[in-house]
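Pasting protein.txt here (compact mmCIF, C-alpha atoms):
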```
# COMPACT_ATOMS: atom_id res chain seq x y z
CA THR A 66 -5.55 35.66 1.31
CA GLY A 67 -1.80 35.01 1.04
CA ALA A 68 0.21 33.75 4.00
CA THR A 69 3.73 32.58 4.68
CA GLY A 70 5.23 30.31 7.30
CA GLU A 71 3.04 28.46 9.77
CA VAL A 72 -0.66 29.24 9.74
CA GLU A 73 -3.06 28.33 12.52
CA ALA A 74 -6.64 29.23 11.59
CA PRO A 75 -9.46 28.34 14.00
CA SER A 76 -13.12 29.31 13.61
CA GLY A 77 -15.95 28.40 15.93
CA ASN A 78 -18.77 28.83 13.46
CA GLY A 79 -17.71 29.88 9.98
CA GLU A 80 -15.65 29.16 6.90
CA VAL A 81 -11.87 28.97 7.10
CA ARG A 82 -9.82 29.76 3.99
CA VAL A 83 -6.03 29.70 3.85
CA GLY A 84 -4.51 31.06 0.65
CA ARG A 85 -1.27 30.53 -1.24
CA GLY A 86 2.16 30.52 0.36
CA ALA A 87 1.69 28.82 3.72
CA ARG A 88 4.31 26.22 4.63
CA GLU A 89 2.43 24.49 7.45
CA VAL A 90 -1.30 24.77 8.05
CA ASP A 91 -3.57 23.82 10.95
CA ALA A 92 -7.11 24.93 10.03
CA THR A 93 -10.27 24.16 12.02
CA SER A 94 -13.94 25.13 11.83
CA GLY A 95 -16.59 23.98 14.24
CA ASN A 96 -19.39 24.49 11.75
CA GLY A 97 -18.21 25.56 8.31
CA GLU A 98 -16.19 24.71 5.24
CA VAL A 99 -12.39 24.56 5.49
CA GLU A 100 -10.34 25.31 2.38
CA VAL A 101 -6.53 25.32 2.09
CA GLU A 102 -4.97 26.36 -1.20
CA GLN A 103 -1.37 25.77 -2.33
CA ALA A 104 0.37 25.06 0.96
CA SER A 105 3.96 23.87 0.54
CA GLY A 106 4.13 21.62 3.59
CA PRO A 107 2.09 19.59 6.09
CA VAL A 108 -1.63 20.37 6.39
CA GLU A 109 -4.14 19.44 9.09
CA ALA A 110 -7.69 20.52 8.28
CA ARG A 111 -10.82 19.79 10.34
CA SER A 112 -14.49 20.71 10.24
CA GLY A 113 -17.20 19.62 12.62
CA ASN A 114 -19.94 20.13 10.05
CA GLY A 115 -18.66 21.14 6.63
CA ASP A 116 -16.61 20.17 3.60
CA VAL A 117 -12.81 20.12 3.77
CA ARG A 118 -10.89 20.96 0.59
CA VAL A 119 -7.10 20.95 0.39
CA VAL A 120 -4.94 21.70 -2.66
CA THR A 121 -1.27 21.50 -1.81
CA ALA A 122 2.10 21.27 -3.48
CA ALA A 123 3.33 18.77 -0.89
CA GLY A 124 1.99 16.71 1.98
CA PRO A 125 1.50 15.08 4.26
CA VAL A 126 -2.14 16.00 4.75
CA SER A 127 -4.69 14.88 7.34
CA ALA A 128 -8.33 15.97 7.08
CA THR A 129 -11.47 15.20 9.06
CA SER A 130 -15.12 16.24 8.96
CA GLY A 131 -18.04 15.19 11.08
CA ASN A 132 -20.50 15.80 8.26
CA GLY A 133 -18.96 16.78 4.92
CA ASP A 134 -16.90 15.75 1.94
CA ILE A 135 -13.12 15.64 2.03
CA ILE A 136 -11.40 16.51 -1.25
CA VAL A 137 -7.58 16.58 -1.25
CA ARG A 138 -5.15 17.20 -4.15
CA MET A 139 -1.42 16.76 -3.58
CA SER A 140 1.12 17.52 -6.32
CA SER A 141 3.77 15.53 -4.47
CA VAL A 142 3.74 13.27 -1.46
CA PRO A 143 6.87 12.99 0.70
CA GLU A 144 8.13 9.52 1.65
CA ALA A 145 7.55 10.11 5.37
CA GLY A 146 4.36 11.08 7.12
CA ASP A 147 1.26 9.01 7.73
CA MET A 148 -2.01 10.53 6.58
CA GLU A 149 -5.62 10.19 7.71
CA PHE A 150 -8.84 11.23 5.97
CA ARG A 151 -12.07 10.70 7.90
CA THR A 152 -15.68 11.81 7.59
CA GLY A 153 -18.84 10.66 9.31
CA ASN A 154 -21.13 11.47 6.41
CA GLY A 155 -19.55 12.31 3.06
CA THR A 156 -17.16 11.28 0.32
CA VAL A 157 -13.39 11.06 0.74
CA ARG A 158 -11.61 11.81 -2.56
CA LEU A 159 -7.81 11.81 -2.63
CA HIS A 160 -5.95 12.96 -5.79
CA VAL A 161 -2.24 12.04 -5.82
CA PRO A 162 0.60 11.76 -8.38
CA ASP A 163 1.00 8.54 -10.33
CA ASP A 164 4.12 7.58 -8.31
CA PHE A 165 2.02 7.39 -5.10
CA ARG A 166 3.04 4.62 -2.68
CA ALA A 167 1.15 3.68 0.50
CA GLN A 168 -0.21 1.10 2.90
CA VAL A 169 -3.95 1.77 2.61
CA ASP A 170 -6.50 1.06 5.35
CA ALA A 171 -10.02 2.04 4.24
CA SER A 172 -13.32 1.57 6.05
CA MET A 173 -16.72 2.41 4.62
CA GLY A 174 -19.97 2.08 6.52
CA HIS A 175 -22.33 2.60 3.58
CA GLY A 176 -20.25 3.36 0.52
CA ARG A 177 -17.76 1.90 -1.89
CA PHE A 178 -14.01 2.04 -2.44
CA SER A 179 -12.47 2.82 -5.83
CA THR A 180 -8.97 3.65 -7.04
CA ASP A 181 -7.11 4.42 -10.28
CA PHE A 182 -4.06 2.55 -8.90
CA PRO A 183 -3.35 -1.18 -8.85
CA ILE A 184 -3.77 -2.32 -5.24
CA THR A 185 -2.58 -5.55 -3.63
CA LEU A 186 -5.15 -6.60 -1.06
CA GLU A 187 -4.05 -7.86 2.35
CA GLY A 188 -6.10 -10.07 4.64
CA ARG A 189 -9.81 -10.59 4.17
CA PHE A 190 -11.76 -8.23 1.97
CA SER A 191 -15.22 -7.08 3.04
CA PRO A 192 -17.61 -4.43 1.70
CA GLN A 193 -16.91 -2.33 4.83
CA ARG A 194 -13.10 -2.73 5.14
CA LEU A 195 -10.14 -2.91 2.80
CA ARG A 196 -6.42 -3.11 3.48
CA GLY A 197 -3.86 -3.09 0.72
CA THR A 198 -0.65 -1.79 -0.80
CA ILE A 199 -0.28 0.73 -3.61
CA GLY A 200 3.04 1.11 -5.42
CA GLY A 201 5.03 -1.19 -3.14
CA GLY A 202 3.86 0.43 0.09
CA GLY A 203 5.26 3.20 2.22
CA ARG A 204 3.41 5.58 4.52
CA ARG A 205 0.15 4.52 6.19
CA VAL A 206 -2.95 6.13 4.75
CA LYS A 207 -6.17 5.67 6.72
CA LEU A 208 -9.42 6.60 5.02
CA SER A 209 -12.88 6.26 6.51
CA SER A 210 -16.43 7.31 5.76
CA GLY A 211 -19.48 6.32 7.73
CA ASN A 212 -21.86 7.07 4.88
CA GLY A 213 -20.05 7.82 1.62
CA ASP A 214 -17.55 6.61 -0.96
CA ILE A 215 -13.77 6.55 -0.73
CA GLU A 216 -11.75 7.26 -3.88
CA ILE A 217 -8.01 7.42 -4.58
CA ARG A 218 -7.45 9.09 -7.96
CA LYS A 219 -4.44 9.95 -10.12
CA LEU A 220 -3.99 13.66 -10.59
CA SER A 221 -5.10 14.81 -14.03
CA GLY A 222 -2.07 15.24 -16.25
CA SER A 223 0.26 13.14 -14.07
```
File written out as structure tokens:
Amino acid sequence: TGATGEVEAPSGNGEVRVGRGAREVDATSGNGEVEVEQASGPVEARSGNGDVRVVTAAGPVSATSGNGDIIVRMSSVPEAGDMEFRTGNGTVRLHVPDDFRAQVDASMGHGRFSTDFPITLEGRFSPQRLRGTIGGGGRRVKLSSGNGDIEIRKLSGS
């Protein structure tokens, strides 16, 4: 459903859906999917045991799940605002515009890292940990999955 302004949406044991028009969103489910559509500002989305999907016109976004995929699409990413995407058992897929800039810190327990962007690696590279810079750097972006892949993709059409 539509919403304006700040939206706080908690659920103990069910799906949480926030529709178009929200400026700031804080959405949480203890045991269900969390979906945020077309927010125009910062988003925090969490699920204890479900997928987290965020489509937003602007960030920053932070999303966590104990046991689910995290899929985030941002049409624009402001210069300020660190972001974190973390799941215990699932894929983290981040879709951002082609002018995306960030300091990336990714850790994968049993998965792989892939990106559509050139990345300059920093420090030692290992199959479980990667640190690097995309687009000259900027905000810190932490991504982690205990048992899944991590992907940073260019938005289609950007």
Show me a table, sorted first by chain and then by increasing residue number, of the residues of range 105-143 of chain A having an atom at most 10 Å from range 164-178 of chain A, each with its shortest atom pair and the distance in Å to one decimal, counting all atoms listed in the file and written as JSON lines.
```
{"residue": "A:Ser141", "atom": "CA", "partner": "A:Phe165", "partner_atom": "CA", "distance": 8.3}
{"residue": "A:Val142", "atom": "CA", "partner": "A:Phe165", "partner_atom": "CA", "distance": 7.1}
{"residue": "A:Pro143", "atom": "CA", "partner": "A:Phe165", "partner_atom": "CA", "distance": 9.4}
```
> Which value, in Å to one decimal, gives the distance between CA of Ser209 in chain A and CA of Arg151 in chain A?
Replying inline: 4.7 Å
> How many Å separate CA of Gly79 in chain A from CA of Val206 in chain A?
Replying inline: 28.4 Å
>> I'd like the interatomic distance between CA of Ser105 in chain A and CA of Thr180 in chain A, to a tenth of an Å.
In response: 25.2 Å
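Using all atoms listed in the file, the smallest distance between any of A:Gly201, A:Gly153, A:Gly188, A:Gly106 and Arg85 in chain A comes from A:Gly106.
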> Around (-17.0, 21.2, 13.6) in the file's own coordinates, what residues are found within 12 Å if you use all atoms listed in the file, given back as number ranges by chain?
Replying inline: A: 75-81, 92-99, 110-117, 129-133, 152-153
>> Restricting the calculation to only C-alpha atoms: of A:Arg196, A:Arg189, A:Lys207, A:His160, which residue gets closest to Lys219 in chain A?
In response: A:His160
> In terms of the shortest atom-to-atom distance over all atoms listed in the file, which of A:Gly197, A:Gly213, A:Pro162, A:Pro107 is closest to Asp134 in chain A?
Replying inline: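 Among the listed residues, the smallest separation from Asp134 in chain A belongs to A:Gly213.
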> Using all atoms listed in the file, which residue out of A:Ala122, A:Met139, A:Ser127, A:Glu109 lies closest to Gly86 in chain A?
Replying inline: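 Checking each of A:Ala122, A:Met139, A:Ser127, A:Glu109 against Gly86 in chain A, counting all atoms listed in the file, the winner is A:Ala122.
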> Pick from A:Arg218, A:Arg158, A:Arg118, A:Arg88: nearest to Val101 in chain A, with all atoms listed in the file counted?
Replying inline: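 Smallest distance to Val101 in chain A is found for A:Arg118.
Among the candidates A:Val157, A:Leu220, A:Val108, A:Ala145, the one nearest to Arg204 in chain A when counting all atoms listed in the file is A:Ala145.
With only C-alpha atoms taken into account, every residue lying no more than 6 Å from the file point (-16.7, 8.5, 1.3) is included here: Gly155, Thr156, Val157, Ser210, Gly213, Asp214 and Ile215 of chain A.
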How about completing range 101-132 of chain A with N, CA and C atoms and giving it to me as a JSON list (two decimals), in the coordinates of the input?
```json
[["chain", "number", "residue", "atom", "x", "y", "z"],
["A", 101, "VAL", "N", -7.96, 24.97, 2.07],
["A", 101, "VAL", "CA", -6.53, 25.32, 2.09],
["A", 101, "VAL", "C", -6.03, 25.22, 0.66],
["A", 102, "GLU", "N", -5.41, 26.30, 0.19],
["A", 102, "GLU", "CA", -4.97, 26.36, -1.20],
["A", 102, "GLU", "C", -3.46, 26.56, -1.29],
["A", 103, "GLN", "N", -2.79, 25.66, -1.99],
["A", 103, "GLN", "CA", -1.37, 25.77, -2.33],
["A", 103, "GLN", "C", -0.43, 25.93, -1.14],
["A", 104, "ALA", "N", -0.61, 25.12, -0.12],
["A", 104, "ALA", "CA", 0.37, 25.06, 0.96],
["A", 104, "ALA", "C", 1.58, 24.29, 0.43],
["A", 105, "SER", "N", 2.75, 24.55, 1.01],
["A", 105, "SER", "CA", 3.96, 23.87, 0.54],
["A", 105, "SER", "C", 4.50, 22.89, 1.57],
["A", 106, "GLY", "N", 3.69, 22.54, 2.56],
["A", 106, "GLY", "CA", 4.13, 21.62, 3.59],
["A", 106, "GLY", "C", 2.95, 20.91, 4.22],
["A", 107, "PRO", "N", 3.13, 20.38, 5.42],
["A", 107, "PRO", "CA", 2.09, 19.59, 6.09],
["A", 107, "PRO", "C", 0.81, 20.41, 6.32],
["A", 108, "VAL", "N", -0.33, 19.73, 6.17],
["A", 108, "VAL", "CA", -1.63, 20.37, 6.39],
["A", 108, "VAL", "C", -2.49, 19.48, 7.28],
["A", 109, "GLU", "N", -3.09, 20.09, 8.30],
["A", 109, "GLU", "CA", -4.14, 19.44, 9.09],
["A", 109, "GLU", "C", -5.36, 20.33, 8.96],
["A", 110, "ALA", "N", -6.47, 19.74, 8.49],
["A", 110, "ALA", "CA", -7.69, 20.52, 8.28],
["A", 110, "ALA", "C", -8.87, 19.74, 8.86],
["A", 111, "ARG", "N", -9.71, 20.44, 9.66],
["A", 111, "ARG", "CA", -10.82, 19.79, 10.34],
["A", 111, "ARG", "C", -12.06, 20.68, 10.28],
["A", 112, "SER", "N", -13.22, 20.02, 10.12],
["A", 112, "SER", "CA", -14.49, 20.71, 10.24],
["A", 112, "SER", "C", -15.46, 19.81, 10.98],
["A", 113, "GLY", "N", -16.19, 20.39, 11.91],
["A", 113, "GLY", "CA", -17.20, 19.62, 12.62],
["A", 113, "GLY", "C", -18.41, 19.33, 11.75],
["A", 114, "ASN", "N", -18.72, 20.27, 10.85],
["A", 114, "ASN", "CA", -19.94, 20.13, 10.05],
["A", 114, "ASN", "C", -19.79, 20.89, 8.73],
["A", 115, "GLY", "N", -18.84, 20.47, 7.91],
["A", 115, "GLY", "CA", -18.66, 21.14, 6.63],
["A", 115, "GLY", "C", -17.64, 20.40, 5.78],
["A", 116, "ASP", "N", -17.57, 20.77, 4.51],
["A", 116, "ASP", "CA", -16.61, 20.17, 3.60],
["A", 116, "ASP", "C", -15.20, 20.63, 3.94],
["A", 117, "VAL", "N", -14.22, 19.77, 3.63],
["A", 117, "VAL", "CA", -12.81, 20.12, 3.77],
["A", 117, "VAL", "C", -12.18, 19.92, 2.41],
["A", 118, "ARG", "N", -11.56, 21.00, 1.88],
["A", 118, "ARG", "CA", -10.89, 20.96, 0.59],
["A", 118, "ARG", "C", -9.46, 21.43, 0.76],
["A", 119, "VAL", "N", -8.51, 20.61, 0.28],
["A", 119, "VAL", "CA", -7.10, 20.95, 0.39],
["A", 119, "VAL", "C", -6.45, 20.75, -0.96],
["A", 120, "VAL", "N", -5.78, 21.79, -1.46],
["A", 120, "VAL", "CA", -4.94, 21.70, -2.66],
["A", 120, "VAL", "C", -3.56, 22.11, -2.20],
["A", 121, "THR", "N", -2.59, 21.20, -2.33],
["A", 121, "THR", "CA", -1.27, 21.50, -1.81],
["A", 121, "THR", "C", -0.17, 21.00, -2.73],
["A", 122, "ALA", "N", 0.96, 21.67, -2.68],
["A", 122, "ALA", "CA", 2.10, 21.27, -3.48],
["A", 122, "ALA", "C", 2.79, 20.05, -2.87],
["A", 123, "ALA", "N", 2.68, 19.89, -1.58],
["A", 123, "ALA", "CA", 3.33, 18.77, -0.89],
["A", 123, "ALA", "C", 2.52, 18.40, 0.34],
["A", 124, "GLY", "N", 2.67, 17.17, 0.78],
["A", 124, "GLY", "CA", 1.99, 16.71, 1.98],
["A", 124, "GLY", "C", 2.98, 16.66, 3.12],
["A", 125, "PRO", "N", 2.71, 15.88, 4.13],
["A", 125, "PRO", "CA", 1.50, 15.08, 4.26],
["A", 125, "PRO", "C", 0.29, 15.92, 4.64],
["A", 126, "VAL", "N", -0.88, 15.34, 4.43],
["A", 126, "VAL", "CA", -2.14, 16.00, 4.75],
["A", 126, "VAL", "C", -2.98, 15.06, 5.60],
["A", 127, "SER", "N", -3.67, 15.61, 6.60],
["A", 127, "SER", "CA", -4.69, 14.88, 7.34],
["A", 127, "SER", "C", -5.92, 15.77, 7.37],
["A", 128, "ALA", "N", -7.09, 15.19, 7.13],
["A", 128, "ALA", "CA", -8.33, 15.97, 7.08],
["A", 128, "ALA", "C", -9.47, 15.18, 7.68],
["A", 129, "THR", "N", -10.31, 15.85, 8.47],
["A", 129, "THR", "CA", -11.47, 15.20, 9.06],
["A", 129, "THR", "C", -12.68, 16.12, 8.99],
["A", 130, "SER", "N", -13.86, 15.51, 8.91],
["A", 130, "SER", "CA", -15.12, 16.24, 8.96],
["A", 130, "SER", "C", -16.16, 15.36, 9.62],
["A", 131, "GLY", "N", -16.95, 15.94, 10.48],
["A", 131, "GLY", "CA", -18.04, 15.19, 11.08],
["A", 131, "GLY", "C", -19.16, 14.93, 10.10],
["A", 132, "ASN", "N", -19.37, 15.88, 9.18],
["A", 132, "ASN", "CA", -20.50, 15.80, 8.26],
["A", 132, "ASN", "C", -20.20, 16.59, 7.00]]
```
